[in-house]
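Visitor: Sharing work26.csv (CSV, C-alpha atoms) below.
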```csv
chain,number,residue,atom,x,y,z
T,19,MET,CA,0.0,0.0,0.0
T,20,ILE,CA,2.8,2.4,0.8
T,21,GLU,CA,4.9,3.5,-2.0
T,22,ILE,CA,8.5,3.7,-1.0
T,23,THR,CA,10.5,6.4,-2.8
T,24,PRO,CA,13.4,4.9,-4.7
T,25,ALA,CA,16.5,5.0,-2.6
T,26,ASP,CA,18.2,7.4,-5.0
T,27,THR,CA,15.6,10.1,-4.8
T,28,THR,CA,15.4,9.9,-1.1
T,29,HIS,CA,19.1,10.2,-0.9
T,30,HIS,CA,19.3,13.3,-3.1
T,31,VAL,CA,16.5,15.0,-1.3
T,32,ALA,CA,17.8,14.0,2.1
T,33,THR,CA,21.4,15.2,1.5
T,34,ALA,CA,20.2,18.4,-0.2
T,35,ALA,CA,17.9,19.2,2.7
T,36,SER,CA,20.4,18.4,5.3
T,37,ASP,CA,23.2,20.2,3.5
T,38,THR,CA,21.4,23.5,3.4
T,39,VAL,CA,20.1,23.3,7.0
T,40,LEU,CA,23.3,22.2,8.5
T,41,ALA,CA,25.4,24.6,6.5
T,42,ALA,CA,23.3,27.4,7.9
T,43,ALA,CA,23.3,26.0,11.4
T,44,SER,CA,26.9,25.3,12.0
T,45,PRO,CA,29.8,24.8,9.6
T,46,ALA,CA,31.4,22.3,12.1
T,47,LEU,CA,28.4,20.0,11.7
T,48,HIS,CA,28.8,19.9,8.0
T,49,GLY,CA,31.2,17.0,8.0
T,50,ALA,CA,28.6,14.9,9.7
T,51,VAL,CA,26.8,14.4,6.4
T,52,GLN,CA,28.4,11.7,4.5
T,53,HIS,CA,27.7,12.1,0.9
T,54,GLY,CA,28.7,8.6,-0.1
T,55,GLU,CA,26.3,6.7,2.2
T,56,LYS,CA,22.7,6.2,1.4
T,57,PHE,CA,20.0,7.2,3.8
T,58,GLU,CA,17.7,4.2,3.7
T,59,PHE,CA,14.3,5.3,4.8
T,60,GLY,CA,13.0,2.2,3.1
T,61,ARG,CA,14.6,0.0,5.6
T,62,LEU,CA,12.8,1.9,8.4
T,63,LEU,CA,9.5,1.4,6.6
T,64,ASP,CA,10.2,-2.4,6.4
T,65,HIS,CA,9.5,-2.5,10.2
T,66,MET,CA,5.9,-1.5,9.4
T,67,LYS,CA,5.4,-4.2,6.8
T,68,ASN,CA,4.5,-7.8,7.3
T,69,SER,CA,7.4,-10.2,7.4
T,70,ARG,CA,8.2,-13.8,8.0
T,71,GLU,CA,10.4,-13.3,11.1
T,72,ILE,CA,9.7,-12.4,14.7
T,73,GLU,CA,12.3,-10.1,16.2
T,74,PHE,CA,13.2,-10.1,19.9
T,75,PRO,CA,16.0,-8.4,21.9
T,76,GLY,CA,19.2,-9.8,20.5
T,77,GLY,CA,18.0,-11.6,17.4
T,78,HIS,CA,15.1,-12.9,15.4
T,79,PHE,CA,13.6,-16.3,14.4
T,80,GLU,CA,12.0,-17.3,11.2
T,81,LEU,CA,8.4,-18.4,11.2
T,82,PRO,CA,7.7,-21.8,9.6
T,83,GLN,CA,6.6,-21.6,6.0
T,84,PHE,CA,4.1,-24.1,4.6
T,85,GLN,CA,3.4,-25.2,1.0
T,86,PRO,CA,0.7,-23.0,-0.6
T,87,ILE,CA,-2.7,-24.8,-0.7
T,88,GLN,CA,-4.1,-25.1,-4.2
T,89,ILE,CA,-7.9,-24.6,-4.6
T,90,GLY,CA,-8.6,-24.7,-8.3
T,91,SER,CA,-6.5,-21.9,-9.8
T,92,LEU,CA,-6.2,-20.1,-6.5
T,93,SER,CA,-3.2,-20.7,-4.4
T,94,LEU,CA,-3.4,-19.9,-0.7
T,95,ASP,CA,-0.3,-19.3,1.3
T,96,LEU,CA,-1.5,-20.0,4.9
T,97,SER,CA,1.9,-19.9,6.6
T,98,PRO,CA,2.1,-17.5,9.5
T,99,THR,CA,3.6,-14.1,9.3
T,100,LYS,CA,4.5,-11.4,11.9
T,101,HIS,CA,1.0,-10.0,11.8
T,102,VAL,CA,-0.6,-13.4,12.1
T,103,PHE,CA,1.6,-14.2,15.1
T,104,PHE,CA,0.7,-11.0,16.9
T,105,LEU,CA,-2.9,-11.4,16.0
T,106,LEU,CA,-2.9,-14.9,17.7
T,107,VAL,CA,-1.0,-13.5,20.7
T,108,ALA,CA,-3.6,-10.8,21.1
T,109,ALA,CA,-6.4,-13.3,20.8
T,110,LEU,CA,-4.8,-15.6,23.3
T,111,LEU,CA,-4.1,-12.8,25.7
T,112,ILE,CA,-7.7,-11.5,25.6
T,113,ALA,CA,-9.1,-15.1,26.0
T,114,VAL,CA,-6.9,-15.8,29.0
T,115,LEU,CA,-7.6,-12.5,30.7
T,116,ALA,CA,-11.3,-12.5,30.0
T,117,ILE,CA,-11.8,-16.1,31.3
T,118,TYR,CA,-9.6,-15.5,34.3
T,119,ALA,CA,-11.5,-12.2,35.1
T,120,ALA,CA,-14.9,-13.9,34.7
T,121,ARG,CA,-13.9,-16.8,37.0
T,122,LYS,CA,-12.6,-14.3,39.6
T,123,ASN,CA,-15.7,-12.1,39.4
T,124,ARG,CA,-18.0,-15.0,39.8
T,125,LYS,CA,-16.3,-15.8,43.1
T,126,ASN,CA,-16.1,-12.3,44.6
T,127,PRO,CA,-19.2,-10.3,44.8
T,128,VAL,CA,-17.0,-7.1,44.6
T,129,PRO,CA,-14.7,-7.3,41.6
T,130,GLN,CA,-11.1,-6.5,42.2
T,131,GLY,CA,-8.0,-6.1,40.2
T,132,ILE,CA,-8.1,-7.3,36.6
T,133,GLY,CA,-11.8,-8.3,37.0
T,134,ASN,CA,-12.7,-4.8,38.0
T,135,LEU,CA,-10.7,-3.3,35.1
T,136,LEU,CA,-12.4,-5.5,32.5
T,137,GLU,CA,-15.8,-4.9,34.0
T,138,ILE,CA,-15.4,-1.2,33.5
T,139,PHE,CA,-14.9,-1.7,29.8
T,140,VAL,CA,-17.7,-4.3,29.6
T,141,LEU,CA,-20.2,-1.9,31.3
T,142,PHE,CA,-19.0,1.0,29.2
T,143,VAL,CA,-19.7,-1.0,26.0
T,144,ARG,CA,-23.1,-2.1,27.3
T,145,ASP,CA,-24.3,1.2,28.7
T,146,GLU,CA,-22.7,3.7,26.3
T,147,ILE,CA,-22.6,1.9,23.0
T,148,ALA,CA,-25.0,-1.1,22.7
T,149,LEU,CA,-28.0,0.3,24.6
T,150,PRO,CA,-28.1,3.9,23.3
T,151,ASN,CA,-27.5,2.8,19.7
T,152,MET,CA,-29.5,-0.3,19.4
T,153,GLY,CA,-32.0,-0.2,22.3
T,154,PRO,CA,-32.7,-3.2,24.6
T,155,GLY,CA,-32.9,-5.5,21.5
T,156,GLY,CA,-29.2,-4.8,20.9
T,157,LEU,CA,-28.1,-6.6,24.1
T,158,ARG,CA,-28.1,-10.0,22.2
T,159,TYR,CA,-25.3,-8.5,20.0
T,160,LEU,CA,-23.3,-7.4,23.0
T,161,PRO,CA,-20.9,-10.4,23.0
T,162,TYR,CA,-20.0,-9.6,19.4
T,163,LEU,CA,-19.3,-6.0,20.2
T,164,LEU,CA,-17.3,-6.8,23.3
T,165,THR,CA,-15.2,-9.5,21.5
T,166,THR,CA,-14.4,-7.1,18.6
T,167,PHE,CA,-13.6,-4.3,21.0
T,168,PHE,CA,-11.2,-6.2,23.1
T,169,PHE,CA,-9.6,-8.0,20.1
T,170,ILE,CA,-9.0,-4.7,18.2
T,171,LEU,CA,-7.7,-3.0,21.3
T,172,ALA,CA,-5.3,-5.8,22.0
T,173,MET,CA,-4.0,-5.9,18.5
T,174,ASN,CA,-3.6,-2.1,18.5
T,175,LEU,CA,-1.7,-2.2,21.8
T,176,MET,CA,0.6,-5.0,20.6
T,177,GLY,CA,2.2,-2.6,18.2
T,178,LEU,CA,3.2,-0.3,21.1
T,179,ILE,CA,5.2,-3.0,22.8
T,180,PRO,CA,8.9,-2.9,21.7
T,181,TYR,CA,9.5,-5.6,19.0
T,182,GLY,CA,5.7,-5.9,18.6
T,183,ALA,CA,3.7,-5.4,15.5
T,184,THR,CA,0.2,-3.9,14.9
T,185,SER,CA,-1.9,-6.5,13.2
T,186,THR,CA,-4.6,-3.9,12.5
T,187,SER,CA,-2.1,-2.0,10.3
T,188,ASN,CA,-2.5,-4.9,7.8
T,189,ILE,CA,-5.5,-4.2,5.5
T,190,SER,CA,-6.3,-7.9,5.3
T,191,VAL,CA,-6.9,-8.0,9.1
T,192,THR,CA,-9.1,-4.9,9.0
T,193,ALA,CA,-10.9,-6.2,5.9
T,194,ALA,CA,-11.7,-9.5,7.7
T,195,LEU,CA,-13.0,-7.5,10.8
T,196,ALA,CA,-15.1,-5.3,8.5
T,197,PHE,CA,-16.5,-8.5,6.7
T,198,ILE,CA,-17.6,-9.8,10.1
T,199,ALA,CA,-19.2,-6.4,10.8
T,200,PHE,CA,-20.9,-6.5,7.5
T,201,ILE,CA,-22.5,-9.9,8.3
T,202,MET,CA,-23.5,-8.7,11.7
T,203,ILE,CA,-25.1,-5.6,10.3
T,204,GLN,CA,-27.1,-7.6,7.8
T,205,VAL,CA,-28.1,-10.3,10.4
T,206,ALA,CA,-29.3,-7.6,12.7
T,207,ALA,CA,-31.3,-6.0,9.9
T,208,ILE,CA,-32.8,-9.3,8.7
T,209,ARG,CA,-33.7,-10.4,12.2
T,210,ALA,CA,-35.4,-7.2,13.0
T,211,GLN,CA,-37.2,-6.6,9.7
T,212,GLY,CA,-37.7,-10.1,8.4
T,213,VAL,CA,-36.4,-11.3,5.0
T,214,LYS,CA,-39.4,-9.7,3.1
T,215,HIS,CA,-38.9,-6.2,4.5
T,216,TYR,CA,-35.1,-6.5,4.1
T,217,LEU,CA,-35.4,-7.4,0.4
T,218,ALA,CA,-38.1,-4.8,-0.2
T,219,HIS,CA,-35.7,-2.2,1.3
T,220,LEU,CA,-33.1,-3.2,-1.3
T,221,THR,CA,-35.3,-1.9,-4.1
T,222,GLY,CA,-35.0,1.5,-2.7
T,223,GLY,CA,-38.8,2.2,-2.9
T,224,VAL,CA,-38.7,3.4,-6.4
T,225,HIS,CA,-40.8,2.6,-9.5
T,226,TRP,CA,-40.1,-0.9,-10.8
T,227,SER,CA,-38.7,0.4,-14.1
T,228,LEU,CA,-35.8,1.8,-12.1
T,229,TRP,CA,-35.0,-1.4,-10.3
T,230,PRO,CA,-32.2,-2.6,-12.6
T,231,ILE,CA,-30.4,0.6,-11.7
T,232,MET,CA,-31.4,0.9,-8.1
T,233,ILE,CA,-30.9,-2.6,-6.9
T,234,PRO,CA,-27.1,-2.6,-7.8
T,235,VAL,CA,-26.8,0.8,-6.2
T,236,GLU,CA,-28.5,-0.3,-3.0
T,237,VAL,CA,-26.6,-3.5,-2.8
T,238,LEU,CA,-23.4,-1.5,-3.3
T,239,GLY,CA,-24.6,0.8,-0.5
T,240,LEU,CA,-24.5,-2.2,1.9
T,241,PHE,CA,-20.8,-2.6,1.3
T,242,THR,CA,-19.7,1.0,1.6
T,243,LYS,CA,-20.1,1.1,5.4
T,244,PRO,CA,-17.9,-1.8,6.2
T,245,PHE,CA,-15.5,-0.7,3.6
T,246,ALA,CA,-15.2,2.7,5.3
T,247,LEU,CA,-14.7,0.8,8.7
T,248,CYS,CA,-11.9,-1.2,7.1
T,249,MET,CA,-10.1,1.7,5.6
T,250,ARG,CA,-10.5,3.9,8.8
T,251,LEU,CA,-8.9,1.4,11.1
T,252,PHE,CA,-6.2,0.5,8.7
T,253,ALA,CA,-5.3,4.1,7.9
T,254,ASN,CA,-5.4,5.3,11.5
T,255,MET,CA,-3.1,2.5,12.7
T,256,ASN,CA,-0.6,3.1,9.9
T,257,GLY,CA,-0.7,6.8,10.2
T,258,GLY,CA,0.8,7.0,13.7
T,259,HIS,CA,3.5,4.5,12.7
T,260,ILE,CA,4.5,6.6,9.7
T,261,VAL,CA,4.7,9.8,11.8
T,262,LEU,CA,6.9,8.0,14.3
T,263,LEU,CA,9.2,6.6,11.5
T,264,ALA,CA,9.4,10.1,10.0
T,265,LEU,CA,10.4,11.6,13.3
T,266,VAL,CA,13.0,8.9,13.9
T,267,GLY,CA,14.1,9.3,10.3
T,268,ILE,CA,15.0,12.9,11.0
T,269,ILE,CA,17.8,11.7,13.3
T,270,LEU,CA,19.1,9.4,10.7
T,271,LEU,CA,18.8,12.0,8.1
T,272,PHE,CA,20.9,14.6,9.9
T,273,ARG,CA,23.4,12.0,11.3
T,274,SER,CA,24.1,14.2,14.3
T,275,ALA,CA,23.4,13.9,18.0
T,276,VAL,CA,22.7,17.6,18.3
T,277,ILE,CA,19.4,17.3,16.5
T,278,ALA,CA,18.4,14.1,18.2
T,279,PRO,CA,16.6,15.4,21.4
T,280,LEU,CA,13.8,17.2,19.4
T,281,PRO,CA,12.6,14.2,17.4
T,282,VAL,CA,12.8,12.0,20.6
T,283,VAL,CA,10.6,14.4,22.5
T,284,PHE,CA,8.2,14.6,19.6
T,285,SER,CA,8.1,10.8,19.1
T,286,VAL,CA,7.4,10.3,22.8
T,287,GLY,CA,4.4,12.6,22.3
T,288,VAL,CA,3.3,10.8,19.3
T,289,MET,CA,3.6,7.5,21.2
T,290,ILE,CA,1.3,8.8,23.9
T,291,LEU,CA,-1.1,9.9,21.1
T,292,GLU,CA,-0.9,6.4,19.6
T,293,LEU,CA,-1.8,4.9,22.9
T,294,PHE,CA,-4.9,7.1,22.9
T,295,VAL,CA,-5.6,6.3,19.2
T,296,ALA,CA,-5.4,2.5,20.0
T,297,PHE,CA,-8.3,2.9,22.4
T,298,LEU,CA,-10.2,5.4,20.3
T,299,GLN,CA,-10.1,3.4,17.1
T,300,ALA,CA,-11.3,0.2,18.8
T,301,TYR,CA,-14.1,2.3,20.3
T,302,ILE,CA,-15.0,4.0,17.0
T,303,PHE,CA,-15.1,0.6,15.2
T,304,ILE,CA,-17.7,-0.9,17.5
T,305,MET,CA,-19.5,2.4,17.9
T,306,LEU,CA,-20.1,2.7,14.2
T,307,THR,CA,-20.8,-1.0,13.8
T,308,SER,CA,-23.5,-0.8,16.5
T,309,LEU,CA,-24.9,2.4,15.0
T,310,PHE,CA,-25.2,0.8,11.6
T,311,MET,CA,-26.8,-2.3,13.2
T,312,GLY,CA,-29.1,0.1,15.0
T,313,PHE,CA,-30.2,1.8,11.7
T,314,GLY,CA,-31.2,-1.6,10.4
T,315,MET,CA,-33.1,-2.5,13.5
T,316,GLN,CA,-34.7,0.9,13.7
T,317,THR,CA,-36.3,1.0,10.2
T,318,GLU,CA,-38.4,-2.1,11.3
T,319,HIS,CA,-39.9,-0.1,14.2
T,320,SER,CA,-40.8,2.9,12.1
T,321,GLU,CA,-42.2,0.8,9.3
T,322,GLU,CA,-44.2,-1.3,11.7
T,323,HIS,CA,-45.5,1.7,13.4
T,324,ALA,CA,-46.4,3.2,10.0
T,325,ALA,CA,-48.2,-0.1,9.1
T,326,HIS,CA,-50.1,-0.2,12.3
T,327,SER,CA,-51.2,3.4,12.1
T,328,HIS,CA,-52.4,2.8,8.6
T,329,ASP,CA,-54.4,-0.2,9.8
G,7,MET,CA,-33.5,9.7,16.3
G,8,SER,CA,-31.8,6.9,18.1
G,9,PRO,CA,-33.8,4.8,20.5
G,10,GLU,CA,-32.3,6.1,23.7
G,11,PRO,CA,-33.4,4.5,26.9
G,12,LYS,CA,-34.4,7.2,29.4
G,13,SER,CA,-32.7,5.6,32.4
G,14,ASP,CA,-29.4,5.8,30.7
G,15,ASP,CA,-28.7,9.5,31.1
G,16,SER,CA,-29.8,10.1,34.7
G,17,GLY,CA,-27.9,9.5,37.9
G,18,ARG,CA,-24.6,8.1,36.6
G,19,GLY,CA,-22.4,11.1,36.8
G,20,GLU,CA,-20.1,12.0,33.9
G,21,LYS,CA,-20.0,9.9,30.7
G,22,PRO,CA,-16.7,9.1,29.1
G,23,LEU,CA,-16.2,10.6,25.6
G,24,PRO,CA,-19.6,12.3,25.4
G,25,GLY,CA,-18.5,14.6,22.6
G,26,VAL,CA,-17.1,11.8,20.4
G,27,ALA,CA,-20.2,9.6,21.0
G,28,ASN,CA,-22.6,12.4,20.1
G,29,ALA,CA,-20.6,13.5,17.1
G,30,LEU,CA,-20.4,10.0,15.8
G,31,ARG,CA,-24.1,9.4,16.3
G,32,GLU,CA,-24.9,12.6,14.4
G,33,VAL,CA,-22.4,12.1,11.5
G,34,ALA,CA,-22.8,8.3,11.1
G,35,PRO,CA,-25.7,8.4,8.5
G,36,TYR,CA,-23.8,10.8,6.3
G,37,LEU,CA,-20.4,9.1,6.6
G,38,THR,CA,-20.7,7.0,3.5
G,39,LEU,CA,-22.9,9.0,1.2
G,40,GLY,CA,-19.9,10.3,-0.8
G,41,ILE,CA,-18.4,6.8,-1.3
G,42,GLN,CA,-21.8,5.5,-2.3
G,43,LEU,CA,-22.2,8.1,-5.0
G,44,ALA,CA,-18.8,7.5,-6.4
G,45,ALA,CA,-19.1,3.7,-6.1
G,46,ALA,CA,-22.3,3.7,-8.1
G,47,VAL,CA,-20.7,5.5,-11.0
G,48,ILE,CA,-17.6,3.3,-10.9
G,49,LEU,CA,-19.8,0.1,-10.7
G,50,PHE,CA,-21.8,0.9,-13.8
G,51,PHE,CA,-18.7,2.2,-15.6
G,52,LEU,CA,-17.0,-1.2,-14.9
G,53,ILE,CA,-20.1,-3.1,-16.2
G,54,GLY,CA,-20.0,-0.9,-19.3
G,55,TRP,CA,-16.3,-1.6,-19.7
G,56,TRP,CA,-16.9,-5.3,-19.4
G,57,LEU,CA,-19.6,-5.2,-22.0
G,58,ASP,CA,-17.4,-3.1,-24.3
G,59,THR,CA,-14.4,-5.6,-24.1
G,60,ARG,CA,-16.8,-8.4,-25.0
G,61,GLN,CA,-18.6,-6.7,-27.9
G,62,GLY,CA,-15.8,-4.5,-29.1
G,63,THR,CA,-18.0,-1.3,-29.1
G,64,ALA,CA,-15.3,0.7,-27.4
G,65,PRO,CA,-16.6,3.8,-25.7
G,66,LEU,CA,-20.4,3.2,-26.0
G,67,PHE,CA,-21.3,1.1,-23.0
G,68,MET,CA,-18.7,2.8,-20.8
G,69,LEU,CA,-20.4,6.2,-21.5
G,70,ILE,CA,-23.9,4.8,-21.0
G,71,GLY,CA,-22.6,3.1,-17.8
G,72,VAL,CA,-21.2,6.3,-16.4
G,73,LEU,CA,-24.5,8.1,-17.1
G,74,VAL,CA,-26.7,5.4,-15.6
G,75,GLY,CA,-24.4,5.1,-12.6
G,76,PHE,CA,-24.6,8.8,-12.1
G,77,ILE,CA,-28.4,8.8,-12.3
G,78,GLY,CA,-28.7,5.8,-9.9
G,79,GLY,CA,-26.2,7.3,-7.5
G,80,MET,CA,-27.9,10.6,-7.5
G,81,ILE,CA,-31.3,9.1,-6.9
G,82,LYS,CA,-30.0,7.2,-4.0
G,83,PHE,CA,-28.1,10.2,-2.7
G,84,LEU,CA,-31.1,12.5,-2.8
G,85,LYS,CA,-33.4,9.9,-1.4
G,86,SER,CA,-31.1,9.3,1.6
G,87,ILE,CA,-30.8,13.1,2.2
G,88,SER,CA,-34.5,13.6,2.1
G,89,GLU,CA,-35.1,10.6,4.4
G,90,LEU,CA,-32.5,11.9,6.9
G,91,SER,CA,-33.8,15.5,6.9
G,92,LYS,CA,-37.4,14.1,7.4
G,93,LYS,CA,-36.2,12.2,10.5
G,94,ASN,CA,-34.6,15.3,12.0
```
Translate this structure into structure tokens?

Guide:
Amino acid sequence: MIEITPADTTHHVATAASDTVLAAASPALHGAVQHGEKFEFGRLLDHMKNSREIEFPGGHFELPQFQPIQIGSLSLDLSPTKHVFFLLVAALLIAVLAIYAARKNRKNPVPQGIGNLLEIFVLFVRDEIALPNMGPGGLRYLPYLLTTFFFILAMNLMGLIPYGATSTSNISVTAALAFIAFIMIQVAAIRAQGVKHYLAHLTGGVHWSLWPIMIPVEVLGLFTKPFALCMRLFANMNGGHIVLLALVGIILLFRSAVIAPLPVVFSVGVMILELFVAFLQAYIFIMLTSLFMGFGMQTEHSEEHAAHSHD
Amino acid sequence: MSPEPKSDDSGRGEKPLPGVANALREVAPYLTLGIQLAAAVILFFLIGWWLDTRQGTAPLFMLIGVLVGFIGGMIKFLKSISELSKKN
């Protein structure tokens, strides 16, 4: 998704920029810029991309690679990558924490520690997201919302741990999450309205001669909401990382310790912002999903009311 | 607009992120209107393109597709706008 500028262009721009700035700042620093060496921003960007190795302090290990599975003309490479690894770690972590907290909360009437912490989030999702957006009927979808919330949150936070990776900065992961959201939105609408009403809604309520135009447009309209969810999460998680890399890149670009404190201070600030964004994006994802589910469930009420008042 | 239970607001002190929640609730119906309009044009353009490559009638169906897509997208756009303003 991210176009990396060819190393040559980066190099020229980088040296040109640093030349002028450093020459103006201090002639003594000028020697710090080595014209012969390449400034490889591309290698920094590699840390954002998916890869087949897991890094840890003092080395890295290769993930196993399986033979691609052939289904017809389609070949599926199902071997794990860095993002898959951290996705599974996030899922495992959330499962263990949630089960442990649930067991603990069942024993103590007053939740303490981790049970109390998770209960705050659960109550928040129930009282501030599910109930206001979907009404009491939305409580049956609460498990889905909670699972998605904790899962996205855990994946977002994984990227802030040193040597970690953000699985949600991979568009395949967000697309899969959005696909599940798409199914849930349709299921909520069909359950609330019935298949007949749901299909009738797809014709857009126009004259039948316009149906060949309107039905594709309406069907397309179903997909735009999850598509926006997918792109929003993906772009937000990548954006913070790119800003961080750009800030760290400044140090490498100038090759001097004098300039270093400023980017470090800024990147600490951006890190704190990323911590906030990790929570905010998980919140926005389920907030919008529940809102869209609520719209589908709401039309049923208004239509039913309209039908009853006509009768 | 949204079915808010009355017991929710009262007696629970401050709500976390009230501004964001309300803003999202307000903006959510309008969020994808733009994508929808553009996607309708693109969808019918692609259908026209596909027909053109099959039949060899180079720009004909593409142009018809863009026109039809624009009409369809506009109908949907205006309908959603009028529905939303009726609700408010």

Visitor: Calculate how many Å separate CA of Leu263 in chain T from CA of Ala278 in chain T, rounding to one decimal.

Guide: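 Computing the Euclidean distance for CA of Leu263 in chain T and CA of Ala278 in chain T yields 13.6 Å.
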
Visitor: So, counting all atoms listed in the file, which residue among T:Glu73, T:Asp95, T:Glu236, T:Glu292 is closest to chain G?

Guide: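 Answer, going by the shortest atom-to-atom distance: T:Glu236.
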
Visitor: Excluding Leu111 in chain T and any residue of its chain fewer than 5 positions from it, enumerate the residues within 9 Å of it, using only C-alpha atoms, and give them as a tab-separated table (two decimals) with C-alpha atoms, keeping the file's coordinate frame.

Guide:
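Result file is out-v2.tsv:
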```
chain	number	residue	atom	x	y	z
T	106	LEU	CA	-2.90	-14.90	17.70
T	116	ALA	CA	-11.30	-12.50	30.00
T	172	ALA	CA	-5.30	-5.80	22.00
```

Visitor: Distance limit 9 Å, atoms considered: only C-alpha atoms. Which chain T residues sit that close to chain G? Return them as a PyMOL selection string.

Guide: chain T and resi 142+145-147+149-154+222+228+231-232+234-236+238-239+241-243+246+302+305-306+309-310+312-313+316

Visitor: Enter the distance from CA of Lys92 in chain G to CA of Ala206 in chain T, in Å, rounded to one decimal.

Guide: 23.8 Å

Visitor: I'd like the neighbourhood of Leu280 in chain T as an MDAnalysis selection string, where a residue qualifies if any of its atoms comes within 12 Å (using all atoms listed in the file), though same-chain residues fewer than 5 positions away should be ignored.

Guide: chainID T and resid 265:266 268:269 274:275 285:287

Visitor: Compare T:Leu94, T:Leu220, T:Ala109, T:Ile203 by their minimum atom-to-atom distance to Thr166 in chain T, counting only C-alpha atoms, and give me the closest one.

Guide: T:Ala109

Visitor: Which value, in Å to one decimal, gives the distance between CA of Trp56 in chain G and CA of Ile233 in chain T?

Guide: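 Going from CA of Trp56 in chain G over to CA of Ile233 in chain T, I get 19.0 Å.
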
Visitor: Need to verify the contact set: Phe67 in chain G, 9 Å, all atoms listed in the file, exclusion of same-chain residues closer than 5 positions in sequence. Can you return it as a PDB file with C-alpha atoms, in the coordinates of the input?

Guide:
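result-v1.pdb written:
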```
ATOM      1  CA  PHE G  51     -18.700   2.200 -15.600  1.00  0.00           C
ATOM      2  CA  ILE G  53     -20.100  -3.100 -16.200  1.00  0.00           C
ATOM      3  CA  GLY G  54     -20.000  -0.900 -19.300  1.00  0.00           C
ATOM      4  CA  TRP G  55     -16.300  -1.600 -19.700  1.00  0.00           C
ATOM      5  CA  TRP G  56     -16.900  -5.300 -19.400  1.00  0.00           C
ATOM      6  CA  LEU G  57     -19.600  -5.200 -22.000  1.00  0.00           C
ATOM      7  CA  ASP G  58     -17.400  -3.100 -24.300  1.00  0.00           C
ATOM      8  CA  VAL G  72     -21.200   6.300 -16.400  1.00  0.00           C
TER       9      VAL G  72
END
```
